[in-house]
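One file, entry-v7.pdb, carrying PDB, C-alpha atoms:
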```pdb
ATOM      1  CA  MET A   1     106.159  79.182  43.753  1.00  0.00           C
ATOM      2  CA  ARG A   2     104.726  82.167  45.587  1.00  0.00           C
ATOM      3  CA  GLU A   3     106.993  83.673  48.240  1.00  0.00           C
ATOM      4  CA  VAL A   4     105.190  85.416  51.110  1.00  0.00           C
ATOM      5  CA  GLU A   5     107.363  86.968  53.828  1.00  0.00           C
ATOM      6  CA  LEU A   6     107.863  89.478  56.615  1.00  0.00           C
ATOM      7  CA  LYS A   7     111.053  90.741  58.295  1.00  0.00           C
ATOM      8  CA  CYS A   8     111.900  92.168  61.711  1.00  0.00           C
ATOM      9  CA  ALA A   9     115.017  93.528  63.390  1.00  0.00           C
ATOM     10  CA  ALA A  10     116.195  91.241  66.203  1.00  0.00           C
ATOM     11  CA  PRO A  11     118.143  93.006  68.981  1.00  0.00           C
ATOM     12  CA  GLU A  12     118.833  89.634  70.662  1.00  0.00           C
ATOM     13  CA  PRO A  13     119.066  86.992  67.910  1.00  0.00           C
ATOM     14  CA  ALA A  14     120.149  84.218  70.290  1.00  0.00           C
ATOM     15  CA  ALA A  15     116.979  84.771  72.325  1.00  0.00           C
ATOM     16  CA  VAL A  16     114.904  84.374  69.154  1.00  0.00           C
ATOM     17  CA  GLY A  17     116.557  81.027  68.414  1.00  0.00           C
ATOM     18  CA  ALA A  18     115.941  79.862  71.977  1.00  0.00           C
ATOM     19  CA  ALA A  19     112.287  80.931  71.817  1.00  0.00           C
ATOM     20  CA  LEU A  20     111.804  79.084  68.533  1.00  0.00           C
ATOM     21  CA  VAL A  21     113.322  75.870  69.906  1.00  0.00           C
ATOM     22  CA  ALA A  22     111.167  76.178  73.050  1.00  0.00           C
ATOM     23  CA  ALA A  23     108.107  76.474  70.787  1.00  0.00           C
ATOM     24  CA  GLY A  24     109.036  73.221  69.019  1.00  0.00           C
ATOM     25  CA  ALA A  25     110.761  74.642  65.940  1.00  0.00           C
ATOM     26  CA  LYS A  26     113.287  72.396  64.197  1.00  0.00           C
ATOM     27  CA  LEU A  27     116.713  73.800  63.275  1.00  0.00           C
ATOM     28  CA  THR A  28     117.238  72.879  59.600  1.00  0.00           C
ATOM     29  CA  PHE A  29     120.485  74.759  58.884  1.00  0.00           C
ATOM     30  CA  SER A  30     123.156  76.696  60.746  1.00  0.00           C
ATOM     31  CA  GLY A  31     126.106  78.291  58.988  1.00  0.00           C
ATOM     32  CA  HIS A  32     127.040  80.884  56.373  1.00  0.00           C
ATOM     33  CA  LEU A  33     124.723  82.082  53.616  1.00  0.00           C
ATOM     34  CA  ALA A  34     126.252  83.964  50.664  1.00  0.00           C
ATOM     35  CA  ASP A  35     124.088  85.570  47.988  1.00  0.00           C
ATOM     36  CA  ARG A  36     125.429  86.830  44.686  1.00  0.00           C
ATOM     37  CA  ARG A  37     122.876  88.831  42.706  1.00  0.00           C
ATOM     38  CA  TYR A  38     123.347  89.085  38.961  1.00  0.00           C
ATOM     39  CA  ASP A  39     122.188  91.484  36.281  1.00  0.00           C
ATOM     40  CA  THR A  40     123.275  92.861  32.925  1.00  0.00           C
ATOM     41  CA  SER A  41     125.296  96.091  32.761  1.00  0.00           C
ATOM     42  CA  PRO A  42     122.228  98.215  31.897  1.00  0.00           C
ATOM     43  CA  ARG A  43     120.445  96.647  34.922  1.00  0.00           C
ATOM     44  CA  SER A  44     117.658  95.183  32.792  1.00  0.00           C
ATOM     45  CA  LEU A  45     116.495  92.837  35.572  1.00  0.00           C
ATOM     46  CA  LEU A  46     116.565  95.492  38.280  1.00  0.00           C
ATOM     47  CA  GLY A  47     114.570  97.818  36.037  1.00  0.00           C
ATOM     48  CA  ARG A  48     111.765  95.237  35.996  1.00  0.00           C
ATOM     49  CA  ASP A  49     112.176  94.422  39.738  1.00  0.00           C
ATOM     50  CA  HIS A  50     113.457  90.922  38.980  1.00  0.00           C
ATOM     51  CA  VAL A  51     116.182  89.133  40.971  1.00  0.00           C
ATOM     52  CA  LEU A  52     118.617  86.531  39.627  1.00  0.00           C
ATOM     53  CA  ARG A  53     120.560  85.107  42.545  1.00  0.00           C
ATOM     54  CA  LEU A  54     123.163  82.414  43.135  1.00  0.00           C
ATOM     55  CA  ARG A  55     122.992  81.348  46.779  1.00  0.00           C
ATOM     56  CA  LEU A  56     125.576  79.251  48.643  1.00  0.00           C
ATOM     57  CA  TYR A  57     124.885  77.633  52.037  1.00  0.00           C
ATOM     58  CA  THR A  58     128.025  76.516  53.906  1.00  0.00           C
ATOM     59  CA  GLY A  59     127.783  74.717  57.243  1.00  0.00           C
ATOM     60  CA  SER A  60     129.288  71.909  59.266  1.00  0.00           C
ATOM     61  CA  GLY A  61     127.513  69.362  57.058  1.00  0.00           C
ATOM     62  CA  GLY A  62     129.066  70.711  53.852  1.00  0.00           C
ATOM     63  CA  SER A  63     127.699  73.134  51.295  1.00  0.00           C
ATOM     64  CA  ARG A  64     124.903  73.390  48.788  1.00  0.00           C
ATOM     65  CA  ALA A  65     123.999  75.976  46.182  1.00  0.00           C
ATOM     66  CA  CYS A  66     120.851  77.081  44.394  1.00  0.00           C
ATOM     67  CA  LEU A  67     119.890  79.458  41.623  1.00  0.00           C
ATOM     68  CA  ASP A  68     116.828  81.632  42.243  1.00  0.00           C
ATOM     69  CA  TRP A  69     114.697  83.928  40.139  1.00  0.00           C
ATOM     70  CA  LYS A  70     112.230  86.321  41.751  1.00  0.00           C
ATOM     71  CA  GLY A  71     109.583  88.328  39.971  1.00  0.00           C
ATOM     72  CA  PRO A  72     108.320  91.809  40.812  1.00  0.00           C
ATOM     73  CA  THR A  73     107.478  92.626  44.419  1.00  0.00           C
ATOM     74  CA  GLY A  74     103.843  92.893  45.387  1.00  0.00           C
ATOM     75  CA  TYR A  75     102.109  93.586  48.685  1.00  0.00           C
ATOM     76  CA  GLU A  76      98.967  91.850  49.900  1.00  0.00           C
ATOM     77  CA  ASP A  77      97.339  92.363  53.291  1.00  0.00           C
ATOM     78  CA  GLY A  78     100.602  93.681  54.747  1.00  0.00           C
ATOM     79  CA  TYR A  79     102.806  90.836  53.412  1.00  0.00           C
ATOM     80  CA  LYS A  80     105.538  91.061  50.789  1.00  0.00           C
ATOM     81  CA  VAL A  81     104.718  88.697  47.918  1.00  0.00           C
ATOM     82  CA  ARG A  82     106.777  87.584  44.899  1.00  0.00           C
ATOM     83  CA  GLU A  83     106.847  84.738  42.436  1.00  0.00           C
ATOM     84  CA  GLU A  84     109.991  82.673  42.953  1.00  0.00           C
ATOM     85  CA  VAL A  85     111.584  79.759  41.112  1.00  0.00           C
ATOM     86  CA  SER A  86     114.551  77.981  42.672  1.00  0.00           C
ATOM     87  CA  THR A  87     116.674  74.997  41.672  1.00  0.00           C
ATOM     88  CA  ASP A  88     119.621  73.276  43.316  1.00  0.00           C
ATOM     89  CA  VAL A  89     122.983  73.659  41.587  1.00  0.00           C
ATOM     90  CA  ALA A  90     125.673  70.973  41.608  1.00  0.00           C
ATOM     91  CA  ASP A  91     128.597  73.268  40.712  1.00  0.00           C
ATOM     92  CA  ALA A  92     128.193  76.900  41.840  1.00  0.00           C
ATOM     93  CA  GLY A  93     131.531  77.931  40.310  1.00  0.00           C
ATOM     94  CA  ALA A  94     130.594  76.586  36.880  1.00  0.00           C
ATOM     95  CA  LEU A  95     127.193  78.270  37.052  1.00  0.00           C
ATOM     96  CA  ALA A  96     128.822  81.599  37.972  1.00  0.00           C
ATOM     97  CA  GLN A  97     131.078  81.254  34.888  1.00  0.00           C
ATOM     98  CA  LEU A  98     128.050  80.427  32.742  1.00  0.00           C
ATOM     99  CA  LEU A  99     126.167  83.511  33.970  1.00  0.00           C
ATOM    100  CA  GLU A 100     129.185  85.732  33.325  1.00  0.00           C
ATOM    101  CA  GLY A 101     129.577  84.212  29.852  1.00  0.00           C
ATOM    102  CA  LEU A 102     125.970  85.147  29.115  1.00  0.00           C
ATOM    103  CA  GLY A 103     126.657  88.768  30.041  1.00  0.00           C
ATOM    104  CA  TYR A 104     125.512  88.788  33.666  1.00  0.00           C
ATOM    105  CA  GLY A 105     127.697  90.264  36.394  1.00  0.00           C
ATOM    106  CA  VAL A 106     127.448  90.408  40.167  1.00  0.00           C
ATOM    107  CA  ILE A 107     125.644  93.598  41.198  1.00  0.00           C
ATOM    108  CA  ARG A 108     125.388  92.816  44.924  1.00  0.00           C
ATOM    109  CA  GLU A 109     127.053  90.528  47.447  1.00  0.00           C
ATOM    110  CA  ILE A 110     125.231  89.699  50.687  1.00  0.00           C
ATOM    111  CA  ASP A 111     126.918  87.594  53.361  1.00  0.00           C
ATOM    112  CA  ARG A 112     125.482  86.542  56.687  1.00  0.00           C
ATOM    113  CA  ASP A 113     125.560  83.820  59.295  1.00  0.00           C
ATOM    114  CA  ILE A 114     122.175  82.237  59.764  1.00  0.00           C
ATOM    115  CA  GLU A 115     120.108  79.753  61.690  1.00  0.00           C
ATOM    116  CA  GLN A 116     117.133  78.471  59.725  1.00  0.00           C
ATOM    117  CA  TYR A 117     114.160  76.820  61.403  1.00  0.00           C
ATOM    118  CA  LEU A 118     110.947  75.110  60.398  1.00  0.00           C
ATOM    119  CA  CYS A 119     108.262  76.423  62.747  1.00  0.00           C
ATOM    120  CA  HIS A 120     104.518  75.739  62.448  1.00  0.00           C
ATOM    121  CA  GLY A 121     104.931  75.167  58.703  1.00  0.00           C
ATOM    122  CA  ALA A 122     106.850  78.423  58.095  1.00  0.00           C
ATOM    123  CA  THR A 123     110.573  78.934  57.451  1.00  0.00           C
ATOM    124  CA  VAL A 124     112.190  81.278  59.974  1.00  0.00           C
ATOM    125  CA  ARG A 125     115.702  82.554  59.351  1.00  0.00           C
ATOM    126  CA  VAL A 126     117.737  84.445  61.954  1.00  0.00           C
ATOM    127  CA  GLU A 127     120.361  86.438  60.032  1.00  0.00           C
ATOM    128  CA  ARG A 128     123.538  88.105  61.357  1.00  0.00           C
ATOM    129  CA  TYR A 129     125.206  90.478  58.884  1.00  0.00           C
ATOM    130  CA  PRO A 130     128.837  91.676  58.987  1.00  0.00           C
ATOM    131  CA  ARG A 131     127.753  95.107  60.317  1.00  0.00           C
ATOM    132  CA  MET A 132     124.031  95.691  60.541  1.00  0.00           C
ATOM    133  CA  ASP A 133     121.121  94.766  62.776  1.00  0.00           C
ATOM    134  CA  ALA A 134     120.363  91.074  62.967  1.00  0.00           C
ATOM    135  CA  LEU A 135     117.102  90.284  61.172  1.00  0.00           C
ATOM    136  CA  VAL A 136     114.463  87.596  61.396  1.00  0.00           C
ATOM    137  CA  GLU A 137     112.746  86.636  58.129  1.00  0.00           C
ATOM    138  CA  VAL A 138     109.608  84.505  58.149  1.00  0.00           C
ATOM    139  CA  GLU A 139     108.279  82.846  54.956  1.00  0.00           C
ATOM    140  CA  GLY A 140     105.169  80.739  54.524  1.00  0.00           C
ATOM    141  CA  THR A 141     101.448  81.312  54.195  1.00  0.00           C
ATOM    142  CA  PRO A 142      99.885  84.177  56.141  1.00  0.00           C
ATOM    143  CA  THR A 143      98.573  81.698  58.725  1.00  0.00           C
ATOM    144  CA  THR A 144     101.887  79.881  59.236  1.00  0.00           C
ATOM    145  CA  ILE A 145     103.784  83.188  59.248  1.00  0.00           C
ATOM    146  CA  GLU A 146     101.624  84.523  62.070  1.00  0.00           C
ATOM    147  CA  GLU A 147     102.049  81.315  64.099  1.00  0.00           C
ATOM    148  CA  ALA A 148     105.819  81.396  63.619  1.00  0.00           C
ATOM    149  CA  ILE A 149     106.031  85.097  64.516  1.00  0.00           C
ATOM    150  CA  ALA A 150     104.258  84.359  67.794  1.00  0.00           C
ATOM    151  CA  ALA A 151     106.914  81.716  68.512  1.00  0.00           C
ATOM    152  CA  THR A 152     109.840  84.140  68.002  1.00  0.00           C
ATOM    153  CA  GLY A 153     109.086  86.154  71.128  1.00  0.00           C
ATOM    154  CA  LEU A 154     109.391  89.372  69.098  1.00  0.00           C
ATOM    155  CA  PRO A 155     106.580  91.947  68.996  1.00  0.00           C
ATOM    156  CA  ARG A 156     104.237  91.464  66.026  1.00  0.00           C
ATOM    157  CA  ASP A 157     104.314  95.159  65.146  1.00  0.00           C
ATOM    158  CA  GLY A 158     108.065  94.927  64.461  1.00  0.00           C
ATOM    159  CA  PHE A 159     107.462  92.659  61.452  1.00  0.00           C
ATOM    160  CA  THR A 160     107.062  94.461  58.140  1.00  0.00           C
ATOM    161  CA  ALA A 161     106.976  93.845  54.401  1.00  0.00           C
ATOM    162  CA  GLU A 162     109.910  96.221  53.949  1.00  0.00           C
ATOM    163  CA  ARG A 163     112.961  95.296  51.916  1.00  0.00           C
ATOM    164  CA  LEU A 164     116.528  94.889  53.146  1.00  0.00           C
ATOM    165  CA  PRO A 165     117.576  98.437  52.048  1.00  0.00           C
ATOM    166  CA  ASP A 166     114.926  99.873  54.406  1.00  0.00           C
ATOM    167  CA  PHE A 167     116.520  98.055  57.362  1.00  0.00           C
ATOM    168  CA  VAL A 168     119.972  99.216  56.239  1.00  0.00           C
ATOM    169  CA  ARG A 169     118.887 102.851  56.142  1.00  0.00           C
ATOM    170  CA  ARG A 170     117.322 102.645  59.619  1.00  0.00           C
ATOM    171  CA  PHE A 171     120.495 101.070  61.019  1.00  0.00           C
ATOM    172  CA  GLU A 172     122.663 103.800  59.489  1.00  0.00           C
ATOM    173  CA  LEU A 173     120.397 106.630  60.710  1.00  0.00           C
ATOM    174  CA  ARG A 174     120.248 105.186  64.221  1.00  0.00           C
ATOM    175  CA  THR A 175     123.960 104.377  64.626  1.00  0.00           C
ATOM    176  CA  GLY A 176     125.766 106.779  62.308  1.00  0.00           C
ATOM    177  CA  LEU A 177     127.716 103.764  60.981  1.00  0.00           C
ATOM    178  CA  ARG A 178     127.875 102.530  57.428  1.00  0.00           C
ATOM    179  CA  ALA A 179     126.199  99.127  57.226  1.00  0.00           C
ATOM    180  CA  ALA A 180     128.189  96.214  55.793  1.00  0.00           C
ATOM    181  CA  LEU A 181     126.067  93.585  54.056  1.00  0.00           C
ATOM    182  CA  CYS A 182     129.039  91.633  52.744  1.00  0.00           C
ATOM    183  CA  GLU A 183     132.453  90.802  54.101  1.00  0.00           C
ATOM    184  CA  ARG A 184     134.339  93.026  51.637  1.00  0.00           C
ATOM    185  CA  GLU A 185     132.408  96.059  52.943  1.00  0.00           C
ATOM    186  CA  LEU A 186     133.977  95.562  56.380  1.00  0.00           C
ATOM    187  CA  THR A 187     137.270  96.611  54.779  1.00  0.00           C
ATOM    188  CA  GLY A 188     135.725  99.739  53.249  1.00  0.00           C
ATOM    189  CA  ASP A 189     135.081  98.297  49.770  1.00  0.00           C
ATOM    190  CA  TYR A 190     131.607  99.649  48.978  1.00  0.00           C
ATOM    191  CA  ARG A 191     131.405  98.854  45.280  1.00  0.00           C
ATOM    192  CA  PHE A 192     127.795  97.681  45.588  1.00  0.00           C
ATOM    193  CA  SER A 193     124.732  99.892  45.965  1.00  0.00           C
ATOM    194  CA  VAL A 194     122.418  99.193  48.884  1.00  0.00           C
ATOM    195  CA  ASP A 195     119.517  99.707  46.470  1.00  0.00           C
ATOM    196  CA  ASP A 196     120.542  96.471  44.726  1.00  0.00           C
ATOM    197  CA  ALA A 197     120.082  94.500  47.954  1.00  0.00           C
TER     198      ALA A 197
END
```
Write-out of the structure in structure tokens:
Amino acid sequence: MREVELKCAAPEPAAVGAALVAAGAKLTFSGHLADRRYDTSPRSLLGRDHVLRLRLYTGSGGSRACLDWKGPTGYEDGYKVREEVSTDVADAGALAQLLEGLGYGVIREIDRDIEQYLCHGATVRVERYPRMDALVEVEGTPTTIEEAIAATGLPRDGFTAERLPDFVRRFELRTGLRAALCERELTGDYRFSVDDA
């Protein structure tokens, strides 16, 4: 599958959710989203700009997990584009053990609370990190992305093809605070590099 996306900082994430609902968007998930990114010790995947990720959604309706692979990042007409393959996982703990047994280790943890919407054929996710700006991510085709962006109430020029580390760096420059992308970083445990995000 081809992933096409844009991101934007959201100073008032609740207002974005309200605007989406007012525009007819359907809330498809609300809860916690935990990503664990894996690589080998010499960072062979990162060196090729590949992502291997175990993702766990936990909400009031229970939890579900999926394993994702993403190919190298490309940019087309201002959008970030990657090949992506994803499959649901019945037992996230067993899969984590399998990956570790094959020589993969966690190189980055990312935790956030999210609301995910279906809006005009695009997926819109409002993300709140432990300590960083809230973000809105929009995935779909260029046409559905533009329609969904209009529904967010956010200015179009705030949406970019930048990666998460770019938003982290802007937050840190603006606030003078160290961003926390995962819960352990709130306690001062910064074992993960932001460049692996």
Run the PyMOL selection byres ((chain A and resi 51) around 6) mentally over the shown coordinates, then write out the matched residues as a ChimeraX atom specification, using the chain letters and numbers from the document. /A:50,52,69-70
Give me, as a tab-separated table, each residue of segment 3-102 of chain A that comes within 7 Å of segment 109-127 of chain A, together with its shortest interatomic pair and the distance in Å at one decimal, counting only C-alpha atoms, with rows ordered by chain and rising residue number.
```
residue	atom	partner	partner_atom	distance
A:Pro13	CA	A:Val126	CA	6.6
A:Ala25	CA	A:Cys119	CA	4.4
A:Lys26	CA	A:Leu118	CA	5.2
A:Leu27	CA	A:Tyr117	CA	4.4
A:Thr28	CA	A:Tyr117	CA	5.3
A:Phe29	CA	A:Gln116	CA	5.1
A:Ser30	CA	A:Glu115	CA	4.4
A:Gly31	CA	A:Asp113	CA	5.6
A:His32	CA	A:Asp113	CA	4.4
A:Leu33	CA	A:Arg112	CA	5.5
A:Ala34	CA	A:Asp111	CA	4.6
A:Asp35	CA	A:Ile110	CA	5.1
A:Arg36	CA	A:Glu109	CA	4.9
A:Arg37	CA	A:Glu109	CA	6.5
```
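Across the structure, atom CA of Glu5 of chain A and atom CA of Cys66 of chain A are spaced 19.2 Å apart.
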Output of the PyMOL selection byres ((chain A and resi 73) around 12), listed as JSON, numbers by chain: {"A": [2, 3, 4, 5, 46, 48, 49, 50, 51, 70, 71, 72, 74, 75, 76, 79, 80, 81, 82, 83, 84, 161, 162, 163]}
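Among the candidates A:Ile149, A:Val106, A:Leu135, A:Leu173, the one nearest to Arg43 of chain A when counting all atoms listed in the file is A:Val106.
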Which polymer residues have any atom within 12 Å of an atom of Asp157 of chain A, counting all atoms listed in the file, with same-chain residues fewer than 4 positions away left out, as a ChimeraX atom specification? /A:6-9,78,146,149-150,153,161
Evaluate the PyMOL selection byres ((chain A and resi 131) around 9) on the structure here and hand back the selected residues as number ranges by chain. A: 128-130, 132-134, 177-183, 185-186
